[in-house]
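J.: For reference, the structure I am asking about is given below.
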Amino acid sequence: MGSVSKRHLLVAVICLALAGSLLAGYRLSALRGGSEAKPSATPGDGAPARTFVKIVYKGCGHTLEPARELRHLPLQDILSIYPGASVTLFENGDAQVTWEVDGLCPEDAPYRLVCLKDGFVAVYCGRKPLETNLLDLRRDLPASRLSERDLERLDKGELVAGDAAVGLLLEGLLD
C-alpha cells in the first residue's frame, strides 16, 4: 500500500471517529432535554427505543436514576412495574418514566434524627427534620430536663443509624 493510500485510510478513520462522537453527543444532548419533550398522560402500546426511569422519593426529596435503561419494552408493561408514574416521550423515540414514591430513599431510610421540636425531644425518620417524617415527639423528655451538653447535641440534631441506636441515645438522655 502506498503512502497516499495509507493517508486516505487514516483520514477516513478519523472522519468516522469524529462523526461517531458527534452523533453520540447529539443523542446524549437529546436525552438530557436537548430535543423537544412531549408529555404524554396516556402512552400508547408502542415501545420506545429506550426508557429511562427516575424515582423521586417524597420523604426526603432525593432522586434515584437507575443506571439500567429499559429497551423496547411496551410502556404499558413499564407502567405496570411503576404504577402511577408519569411518562415523557421524546422526539428521538426515547421515554422518561418518573415515579414518585412516598417515603425515604434507600440511603436515608435507615437513619434517625434525634433533635428538639417545640421544647421536646423528637425522633425523625431520615436525615432531615421534615414534619412528614416525625416518628415520635417525646413529651416525657422536655428540653428543660436535659443537661447543657445534651441540649447542645440535640439542638444541632444527632443522627444515628437504626432504631436500636435511638433507644440507646434516649436511654442516655434519661440518666
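Identifiers in this document derive from the order of the C-alpha cells: chains are assigned A, B, ..., residues are numbered from 1 separately in each chain, and ligands are numbered from 1 in order of occurrence.
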Can you check which residues of stretch 56-113 of chain A DSSP gives as strand (DSSP E) on the backbone and send them as a PyMOL selection string?
T.: chain A and resi 56-57+63-64+70-71+86-90+95-101+111-113
J.: Using only C-alpha atoms, tabulate the residues of stretch 141-164 of chain A lying at most 6 Å from any atom of stretch 98-114 of chain A, each with its closest atom pair and that distance in Å to one decimal, by chain and increasing residue number, as JSON lines.
T.:
{"residue": "A:Gly157", "atom": "CA", "partner": "A:Val114", "partner_atom": "CA", "distance": 5.6}
{"residue": "A:Glu158", "atom": "CA", "partner": "A:Val114", "partner_atom": "CA", "distance": 5.1}
{"residue": "A:Leu159", "atom": "CA", "partner": "A:Leu113", "partner_atom": "CA", "distance": 4.6}
{"residue": "A:Val160", "atom": "CA", "partner": "A:Arg112", "partner_atom": "CA", "distance": 5.4}
{"residue": "A:Ala161", "atom": "CA", "partner": "A:Tyr111", "partner_atom": "CA", "distance": 4.5}
{"residue": "A:Gly162", "atom": "CA", "partner": "A:Pro110", "partner_atom": "CA", "distance": 5.4}
J.: Create the file for the chosen residues now, containing N, CA and C atoms and written as a PDB file, in the first residue's frame.
T.:
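To be explicit, this is the file written out as out.pdb:
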ATOM      1  N   GLY A 157     -28.949  18.423  66.372  1.00  0.00           N
ATOM      2  CA  GLY A 157     -29.515  17.186  65.837  1.00  0.00           C
ATOM      3  C   GLY A 157     -28.486  16.078  65.863  1.00  0.00           C
ATOM      4  N   GLU A 158     -28.874  14.944  66.388  1.00  0.00           N
ATOM      5  CA  GLU A 158     -27.981  13.780  66.493  1.00  0.00           C
ATOM      6  C   GLU A 158     -28.479  12.728  65.505  1.00  0.00           C
ATOM      7  N   LEU A 159     -27.653  12.409  64.517  1.00  0.00           N
ATOM      8  CA  LEU A 159     -28.008  11.424  63.504  1.00  0.00           C
ATOM      9  C   LEU A 159     -27.480  10.059  63.916  1.00  0.00           C
ATOM     10  N   VAL A 160     -28.361   9.066  63.979  1.00  0.00           N
ATOM     11  CA  VAL A 160     -27.963   7.711  64.355  1.00  0.00           C
ATOM     12  C   VAL A 160     -28.505   6.719  63.329  1.00  0.00           C
ATOM     13  N   ALA A 161     -27.888   5.563  63.280  1.00  0.00           N
ATOM     14  CA  ALA A 161     -28.300   4.529  62.330  1.00  0.00           C
ATOM     15  C   ALA A 161     -29.172   3.493  63.032  1.00  0.00           C
ATOM     16  N   GLY A 162     -30.446   3.496  62.745  1.00  0.00           N
ATOM     17  CA  GLY A 162     -31.351   2.462  63.236  1.00  0.00           C
ATOM     18  C   GLY A 162     -32.053   2.780  64.538  1.00  0.00           C
TER      19      GLY A 162
END
J.: For A:Asp136, work out the shell of residues within 9 Å, counting only C-alpha atoms and skipping chain neighbours fewer than 6 positions away, then give it as a PyMOL selection string.
T.: chain A and resi 121-124
J.: For atom CA of A:Lys58 and atom CA of A:Arg153, determine how far apart the two atoms are, in Å to one decimal place.
T.: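 Between these atoms lies a distance of 27.4 Å.
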J.: Between atom CA of A:Gly167 and atom CA of A:Asp140, what distance in Å does the model show, to one decimal?
T.: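 Result for atom CA of A:Gly167 versus atom CA of A:Asp140: 14.2 Å, one decimal.
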